[in-house]
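Written below as structure tokens is the structure these notes are about.
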Amino acid sequence: MFGAPCWVSLMTRDLRAAQDFYGTVMGWEFRPARLGEEFSVALDDGNPVAGIGALASALQVAVAWTPYFAVQDADETASRIRERSGTVAVGPVGFVVGRGALAADRDGAVFGIWEGQLLSGWETWRAAAPAWLRLQTRDAFEAAIFYGEVFDWACGRPGCCDVEYDADEVVLRSGGHVVARLSSGALESAPDPTIRPRWEVHFPVRDVDARVSAARLHGGTVVHHEPGAHATLRDPDGGLFTLTTRITAE
């Protein structure tokens with residue numbers, strides 16, 4: 001498996017405050033991560049859901065939920081990103097269990113790459129689909145070319161991701177399962193950050209409306225809410241995330 005999303009993580013400024021907010025709103029519990037004391041792993045019913053790292057200030061990056069993609073060689077992938085006019089903002093940086101980097105595509109959407117050991121319980125994470133991804137971008141087909149060349153999508157080698165075109169979207173599959181969708185229509189210079197190019201992280205929940213109410217009570221902001229269906233929220237530190245009743249991107 002390579003080129004597929006392997007994790008989602010929140011870069012925040014205050015780890016304890018983020019844990020308090022997401023623990024209350026999402027019902028998550030937390031345990032330390034092997035990446036260091038500035039990291040924790042969020043658990044939902046004991047299953048790993050996401051990571052939270054208090055590194056936004058240290059790395060001078062925006063508070064945001066970020067998807068990470070599994071790669072076989074972080075240095076080679078970073079070079080591919082730069083060669084295709086993307087930006088590598090941080091790394092590759094070495095950790096005890098692997099190497100990672102933060103990057104942005106040509107339109108400014110931020111993503112991460114990870115070479116090395118996947119989180120213990122990752123197979124459970126992927127099978128349970130606690131989060132799914134959508135790239136909101138200027139041109140989905142142009143973005144698919146960029147990411148396809150960076151991550152070897154649709155290269156035909158065993159373990160690579162497959163790409164399909166569905167109406168005006170690009171659909172990414174890994175092992176037969178939809179793992180991400182790429183959609184057109186974002187505006188690069190839009191004053192509203194919610195419609196700029198970005199990777200959206202969607203968390204399926206049983207009761208969207210109850211989570212929205214909890215977020216409001218604990219300092220979150222509702223950006224968009226379709227009762228009973230989905231909502232885009234901003235946490236107290238500015239991180240955007242989406243709640244949905246859909247179980248996967250299928």
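Ordered as shown in the structure tokens, chains take letters A, B, and onward, while each chain numbers its residues from 1 and ligands are numbered from 1 in the order shown.
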Q) DSSP on the backbone: what in region 167-224 of chain A comes out strand (DSSP E or B), as number ranges by chain? A) A: 169-174, 177-183, 198-204, 221-224
Q.
Using only C-alpha atoms, which protein or nucleic acid residues come within 8 Å of Ala74 (chain A)? Drop anything in the same chain fewer than 3 positions from it, and give the result as a PyMOL selection string.
A. chain A and resi 71+77-78+92+99-101+113-115
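Distances here use only C-alpha atoms; by that measure, the residue among A:Glu76, A:Asp235, A:Thr244, A:Glu149 closest to Asp209 (chain A) is A:Thr244.
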Q | DSSP helix (DSSP H, G or I) residues within region 12-243 of chain A, listed as number ranges by chain | A | A: 15-26, 56-59, 74-83, 122-128, 140-151, 193-195, 208-217
Q | Proximity to Val61 (chain A) - best of A:Leu182, A:Val201, A:Ala103, A:Val223, only C-alpha atoms | A | A:Ala103
(Q) Using only C-alpha atoms, can you tell me which of A:Arg173, A:Arg216, A:Arg106, A:Arg80 comes closest to Cys160 (chain A)? (A) A:Arg173
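Picture a line from CA of Thr221 (chain A) to CA of Leu233 (chain A); it runs 5.7 Å.
For the pair CA of Cys155 (chain A) and CA of Gly3 (chain A), the separation is 10.5 Å.
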